[in-house]
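**Q** Shown below is the structure under consideration.
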Amino acid sequence: MSVEIVSGEEYTVTYNDSTESLTFDGSMRLRTSEEYEPINELMQQALSSTPEGNLLTMDFSSLKFLNSSGINIISRFVIAARKQGTVPLKVVGNQDIYWQQKSLTNLQRLWSSVQIEIQ
Amino acid sequence: MTDLTGTPQIFGTWEALTAVSHHYAAMNLHATHLANHWRRNSLSSDYWAAYAALQIPETVPTGWLRRDDVNYVLSYLLNELFENCAKFSAGPEQTVHYQAWFEDERMVFQFTNHITPAGERPFITLIQELLTSDPDELYFQKLEENAEQEISASGLGYLTLIKDYGIQFGFRFRPINAEITAVDVQAHVSLKEAAF
Ligand SMILES: Nc1ncnc2c1ncn2[C@@H]1O[C@H](COP(=O)(O)OP(=O)(O)OP(=O)(O)O)[C@@H](O)[C@H]1O
Ligand SMILES: [Mg+2]
């Protein structure tokens, strides 16, 4: 089992390979896509480490804020996973965090193999 | 394109609102301050979001946004608008003017920043695309385009606010002199749940 973490002042992104999940915590409102690059790399690593046919979970339920540049990065990742086509995604959201209710379902519209679970 | 008569150009949902009212709040800051310490954008937006959301009663009738929801919507909205002022202010004038009108059924926010006259055209072209397209279609089209190329401006700020939150925007360009154009961005937020 290994756990990898990318973090900044206000956020933590964790990849746990035994649970095959990426967990997003805090607030991600970074300035540019360059600043999002370490997060992007961790997501790519998660994607390539997940065995074909297994589900990779992306858990946003503790992510209070995400700016539009962050939405772009997450959406790009979903499109990359769609293009690879071998690892379906499960997206977990939190009913009490309004942006998640409003915006997470957009990810499913990018790729029908994205399961959305808003708890 | 500078209009030498100084006539403002207006696009979208624009309303002339008076600053003198008991619903009104305002703040002046500097675009370079926001750009130098990026977290000033989110700090300012979280502060004004919480400040505004306090007017929402603890329980609301069905069809109205809950206080927490208003807080989240405004944090997202204001952060996008502060970020834009920080990123896109250009030229000698770097003042950013924030204004807000808190009403019973809606809130209106207006951000003023400054650009150079040469910067007007590309921004206006974008605004016209934004105001005349189907937001849903344009949103997914942009995401697919962004996935194909490495660009730093993702162009999703206004689009997500229109598409996911039903916020209406107005834009006004006011020529100040040969080097400065003031840009006023107005966001109209309904406190009722948008019907999608
Ligand atoms: N306040 C502003 N002053 C000058 N130009 C602006 C301003 N706001 C937006 N623009 C222009 O409009 C474009 C679209 O803005 P929008 O916020 O939708 O996307 P973005 O800032 O490029 O990316 P994102 O918000 O997704 O990180 C910007 O790229 C910029 O060219
Ligand atoms: Mg923006």
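Just remember, in the structure tokens the first chain shown is A, the second B, etc., residues are 1-based per chain, and ligands are 1-based in the order shown.
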Which protein, DNA or RNA residues have an atom within 7 Å of ligand 1, counting only C-alpha atoms and all ligand atoms, as an MDAnalysis selection string?

**A** (chainID A and resid 68:69 72) or (chainID B and resid 80:81 84:85 88:89 113:115 122:123 126 153:159 183 185)

**Q** Kindly export the residues of the current selection with N, CA and C atoms, as an mmCIF file, in the first residue's frame.

**A**
```cif
data_model
loop_
_atom_site.group_PDB
_atom_site.id
_atom_site.type_symbol
_atom_site.label_atom_id
_atom_site.label_comp_id
_atom_site.auth_asym_id
_atom_site.auth_seq_id
_atom_site.Cartn_x
_atom_site.Cartn_y
_atom_site.Cartn_z
ATOM 1 N N SER A 68 -12.661 28.197 -11.226
ATOM 2 C CA SER A 68 -12.930 27.716 -12.588
ATOM 3 C C SER A 68 -11.680 27.111 -13.221
ATOM 4 N N SER A 69 -10.505 27.605 -12.843
ATOM 5 C CA SER A 69 -9.278 26.976 -13.364
ATOM 6 C C SER A 69 -9.161 25.546 -12.846
ATOM 7 N N ASN A 72 -11.448 23.340 -14.750
ATOM 8 C CA ASN A 72 -10.805 23.010 -16.028
ATOM 9 C C ASN A 72 -9.843 21.828 -15.883
ATOM 10 N N GLU B 80 -14.188 34.461 -8.595
ATOM 11 C CA GLU B 80 -13.942 34.532 -10.042
ATOM 12 C C GLU B 80 -13.744 35.976 -10.480
ATOM 13 N N LEU B 81 -14.572 36.881 -9.919
ATOM 14 C CA LEU B 81 -14.490 38.276 -10.358
ATOM 15 C C LEU B 81 -13.258 38.983 -9.798
ATOM 16 N N ASN B 84 -10.350 37.753 -11.863
ATOM 17 C CA ASN B 84 -10.280 38.404 -13.174
ATOM 18 C C ASN B 84 -9.670 39.802 -13.075
ATOM 19 N N CYS B 85 -10.065 40.549 -12.041
ATOM 20 C CA CYS B 85 -9.471 41.885 -11.843
ATOM 21 C C CYS B 85 -7.969 41.758 -11.639
ATOM 22 N N PHE B 88 -6.386 40.410 -15.222
ATOM 23 C CA PHE B 88 -6.552 41.097 -16.502
ATOM 24 C C PHE B 88 -6.489 42.621 -16.432
ATOM 25 N N SER B 89 -6.285 43.204 -15.257
ATOM 26 C CA SER B 89 -6.088 44.653 -15.201
ATOM 27 C C SER B 89 -4.807 44.975 -15.954
ATOM 28 N N ASN B 113 -12.558 47.395 -13.024
ATOM 29 C CA ASN B 113 -11.099 47.413 -13.147
ATOM 30 C C ASN B 113 -10.750 48.141 -14.440
ATOM 31 N N HIS B 114 -9.468 48.246 -14.751
ATOM 32 C CA HIS B 114 -9.062 49.069 -15.890
ATOM 33 C C HIS B 114 -8.152 48.305 -16.829
ATOM 34 N N ILE B 115 -8.338 48.590 -18.103
ATOM 35 C CA ILE B 115 -7.502 47.969 -19.129
ATOM 36 C C ILE B 115 -7.041 49.070 -20.088
ATOM 37 N N PRO B 122 -10.687 42.319 -27.972
ATOM 38 C CA PRO B 122 -10.721 40.877 -27.695
ATOM 39 C C PRO B 122 -11.707 40.508 -26.576
ATOM 40 N N PHE B 123 -11.801 41.363 -25.568
ATOM 41 C CA PHE B 123 -12.713 41.090 -24.461
ATOM 42 C C PHE B 123 -14.169 41.188 -24.943
ATOM 43 N N LEU B 126 -15.200 38.151 -26.874
ATOM 44 C CA LEU B 126 -15.517 37.063 -25.945
ATOM 45 C C LEU B 126 -16.894 37.232 -25.302
ATOM 46 N N ALA B 153 -5.367 30.626 -19.955
ATOM 47 C CA ALA B 153 -6.698 31.152 -19.645
ATOM 48 C C ALA B 153 -7.744 30.126 -20.047
ATOM 49 N N SER B 154 -8.406 29.538 -19.039
ATOM 50 C CA SER B 154 -9.328 28.458 -19.377
ATOM 51 C C SER B 154 -10.666 28.975 -19.903
ATOM 52 N N GLY B 155 -10.979 30.231 -19.609
ATOM 53 C CA GLY B 155 -12.207 30.806 -20.156
ATOM 54 C C GLY B 155 -13.491 30.184 -19.651
ATOM 55 N N LEU B 156 -13.476 29.695 -18.411
ATOM 56 C CA LEU B 156 -14.660 29.030 -17.865
ATOM 57 C C LEU B 156 -15.360 29.845 -16.785
ATOM 58 N N GLY B 157 -14.736 30.932 -16.335
ATOM 59 C CA GLY B 157 -15.291 31.696 -15.216
ATOM 60 C C GLY B 157 -16.734 32.122 -15.438
ATOM 61 N N TYR B 158 -16.951 33.031 -16.375
ATOM 62 C CA TYR B 158 -18.312 33.532 -16.617
ATOM 63 C C TYR B 158 -19.251 32.409 -17.045
ATOM 64 N N LEU B 159 -18.711 31.508 -17.855
ATOM 65 C CA LEU B 159 -19.536 30.436 -18.406
ATOM 66 C C LEU B 159 -20.122 29.548 -17.306
ATOM 67 N N VAL B 183 -13.516 49.047 -17.036
ATOM 68 C CA VAL B 183 -14.408 47.928 -17.323
ATOM 69 C C VAL B 183 -15.279 47.689 -16.088
ATOM 70 N N VAL B 185 -18.100 45.224 -14.562
ATOM 71 C CA VAL B 185 -18.771 43.937 -14.730
ATOM 72 C C VAL B 185 -19.847 43.827 -13.659
#
```

**Q** I want to know what sits within 9 Å of Lys192 (chain B), based on only C-alpha atoms, with residues of the same chain fewer than 2 positions away left out; could you give that as a PyMOL selection string?

**A** chain B and resi 62-65+105-106+189-190+194-195

**Q** Could you dump the residues just selected with N, CA, C and O atoms as an mmCIF file, in the first residue's frame?

**A**
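Final output, saved to result24.cif:
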```
data_model
loop_
_atom_site.group_PDB
_atom_site.id
_atom_site.type_symbol
_atom_site.label_atom_id
_atom_site.label_comp_id
_atom_site.auth_asym_id
_atom_site.auth_seq_id
_atom_site.Cartn_x
_atom_site.Cartn_y
_atom_site.Cartn_z
ATOM 1 N N THR B 62 -39.566 27.055 0.557
ATOM 2 C CA THR B 62 -39.088 26.269 -0.589
ATOM 3 C C THR B 62 -38.931 27.175 -1.806
ATOM 4 O O THR B 62 -39.689 28.115 -1.987
ATOM 5 N N GLY B 63 -37.920 26.849 -2.590
ATOM 6 C CA GLY B 63 -37.682 27.649 -3.789
ATOM 7 C C GLY B 63 -36.677 28.771 -3.555
ATOM 8 O O GLY B 63 -36.225 29.401 -4.496
ATOM 9 N N TRP B 64 -36.334 29.004 -2.286
ATOM 10 C CA TRP B 64 -35.325 30.026 -1.992
ATOM 11 C C TRP B 64 -34.020 29.351 -1.606
ATOM 12 O O TRP B 64 -34.018 28.267 -1.031
ATOM 13 N N LEU B 65 -32.924 30.010 -1.907
ATOM 14 C CA LEU B 65 -31.623 29.452 -1.553
ATOM 15 C C LEU B 65 -31.380 29.565 -0.051
ATOM 16 O O LEU B 65 -31.674 30.594 0.558
ATOM 17 N N GLU B 105 -34.789 40.010 -2.830
ATOM 18 C CA GLU B 105 -34.911 38.869 -3.733
ATOM 19 C C GLU B 105 -33.684 38.646 -4.600
ATOM 20 O O GLU B 105 -33.617 37.692 -5.353
ATOM 21 N N ARG B 106 -32.761 39.583 -4.530
ATOM 22 C CA ARG B 106 -31.578 39.440 -5.379
ATOM 23 C C ARG B 106 -30.433 40.279 -4.827
ATOM 24 O O ARG B 106 -30.627 41.152 -3.971
ATOM 25 N N VAL B 189 -27.567 38.234 -9.123
ATOM 26 C CA VAL B 189 -27.766 36.934 -8.477
ATOM 27 C C VAL B 189 -29.168 36.874 -7.882
ATOM 28 O O VAL B 189 -29.509 37.676 -7.012
ATOM 29 N N SER B 190 -29.957 35.927 -8.341
ATOM 30 C CA SER B 190 -31.289 35.745 -7.764
ATOM 31 C C SER B 190 -31.168 34.917 -6.500
ATOM 32 O O SER B 190 -30.407 33.957 -6.442
ATOM 33 N N ALA B 194 -32.599 28.733 -9.002
ATOM 34 C CA ALA B 194 -32.808 28.837 -10.447
ATOM 35 C C ALA B 194 -33.535 27.595 -10.943
ATOM 36 O O ALA B 194 -33.248 26.488 -10.494
ATOM 37 N N ALA B 195 -34.483 27.796 -11.820
ATOM 38 C CA ALA B 195 -35.225 26.661 -12.364
ATOM 39 C C ALA B 195 -34.500 26.143 -13.594
ATOM 40 O O ALA B 195 -34.475 26.793 -14.631
#
```

**Q** Of the candidates B:Val70, B:Leu77, B:Ile124, B:Ile10, which shows the shortest atom-to-atom distance to ligand 2, using only C-alpha atoms and all ligand atoms?

**A**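 Nearest to ligand 2: B:Leu77.
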
**Q** Using only C-alpha atoms, I'd like every residue of chain B that has an atom within 9 Å of chain A; please write them out as a ChimeraX atom specification.

**A** /B:38-39,42,68-73,75-76,79-80,83,87,140,143-144,146-148,150-158,160,164-165

**Q** Create the file for the chosen residues now, containing C-alpha atoms and written as an mmCIF file, in the first residue's frame.

**A**
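Listing of out.cif after writing:
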```cif
data_model
loop_
_atom_site.group_PDB
_atom_site.id
_atom_site.type_symbol
_atom_site.label_atom_id
_atom_site.label_comp_id
_atom_site.auth_asym_id
_atom_site.auth_seq_id
_atom_site.Cartn_x
_atom_site.Cartn_y
_atom_site.Cartn_z
ATOM 1 C CA TRP B 38 -3.220 35.529 -4.695
ATOM 2 C CA ARG B 39 -5.068 34.499 -1.537
ATOM 3 C CA SER B 42 -10.381 34.255 -1.977
ATOM 4 C CA ASP B 68 -25.150 28.242 3.251
ATOM 5 C CA ASP B 69 -25.932 27.896 -0.427
ATOM 6 C CA VAL B 70 -25.907 31.663 -0.936
ATOM 7 C CA ASN B 71 -22.583 31.762 0.885
ATOM 8 C CA TYR B 72 -21.119 29.157 -1.496
ATOM 9 C CA VAL B 73 -22.516 30.756 -4.652
ATOM 10 C CA SER B 75 -17.776 32.833 -2.652
ATOM 11 C CA TYR B 76 -17.433 31.237 -6.063
ATOM 12 C CA ASN B 79 -13.604 34.855 -6.265
ATOM 13 C CA GLU B 80 -13.942 34.532 -10.042
ATOM 14 C CA GLU B 83 -9.352 36.819 -9.857
ATOM 15 C CA LYS B 87 -5.303 38.734 -13.838
ATOM 16 C CA PHE B 140 -18.675 21.530 -23.207
ATOM 17 C CA LEU B 143 -13.734 21.933 -22.161
ATOM 18 C CA GLU B 144 -13.011 19.749 -25.186
ATOM 19 C CA ASN B 146 -9.032 23.171 -23.545
ATOM 20 C CA ALA B 147 -8.221 19.464 -23.310
ATOM 21 C CA GLU B 148 -6.585 19.623 -26.738
ATOM 22 C CA GLU B 150 -2.099 23.957 -23.295
ATOM 23 C CA ILE B 151 -3.534 27.404 -22.589
ATOM 24 C CA SER B 152 -3.318 29.394 -19.404
ATOM 25 C CA ALA B 153 -6.698 31.152 -19.645
ATOM 26 C CA SER B 154 -9.328 28.458 -19.377
ATOM 27 C CA GLY B 155 -12.207 30.806 -20.156
ATOM 28 C CA LEU B 156 -14.660 29.030 -17.865
ATOM 29 C CA GLY B 157 -15.291 31.696 -15.216
ATOM 30 C CA TYR B 158 -18.312 33.532 -16.617
ATOM 31 C CA THR B 160 -19.817 28.303 -15.241
ATOM 32 C CA ASP B 164 -24.497 26.325 -13.344
ATOM 33 C CA TYR B 165 -25.838 29.226 -11.263
#
```

**Q** Using only C-alpha atoms, pick whichever of A:Leu89, A:Leu47, A:Val3, A:Leu104 has the shortest atom-to-atom distance to Phe60 (chain A).

**A**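 The closest residue to Phe60 (chain A) is A:Leu104.
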
**Q** As a PyMOL selection string, please: all residues of region 43-100 of chain A that backbone DSSP puts in strand (DSSP E).

**A** chain A and resi 56-66+89-93

**Q** I'd like the contact shell of Thr12 (chain A) - 7 Å cut-off, only C-alpha atoms, skipping same-chain residues fewer than 5 positions apart - returned as a list of chain:residue names.

**A** A:Ile5, A:Val6, A:Ser7, A:Phe24, A:Asp25, A:Gly26

**Q** For each of A:Val87, A:Met1, A:Gln115, A:Gly93, take the minimum atom-to-atom distance to Pro51 (chain A), counting only C-alpha atoms, then give the residue where this is smallest.

**A**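 Answer, going by the shortest atom-to-atom distance: A:Val87.
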
**Q** Report, in Å with one decimal, the straight-line distance from CA of Asp46 (chain B) to CA of Gly91 (chain B).

**A**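 Result for CA of Asp46 (chain B) versus CA of Gly91 (chain B): 27.9 Å, one decimal.
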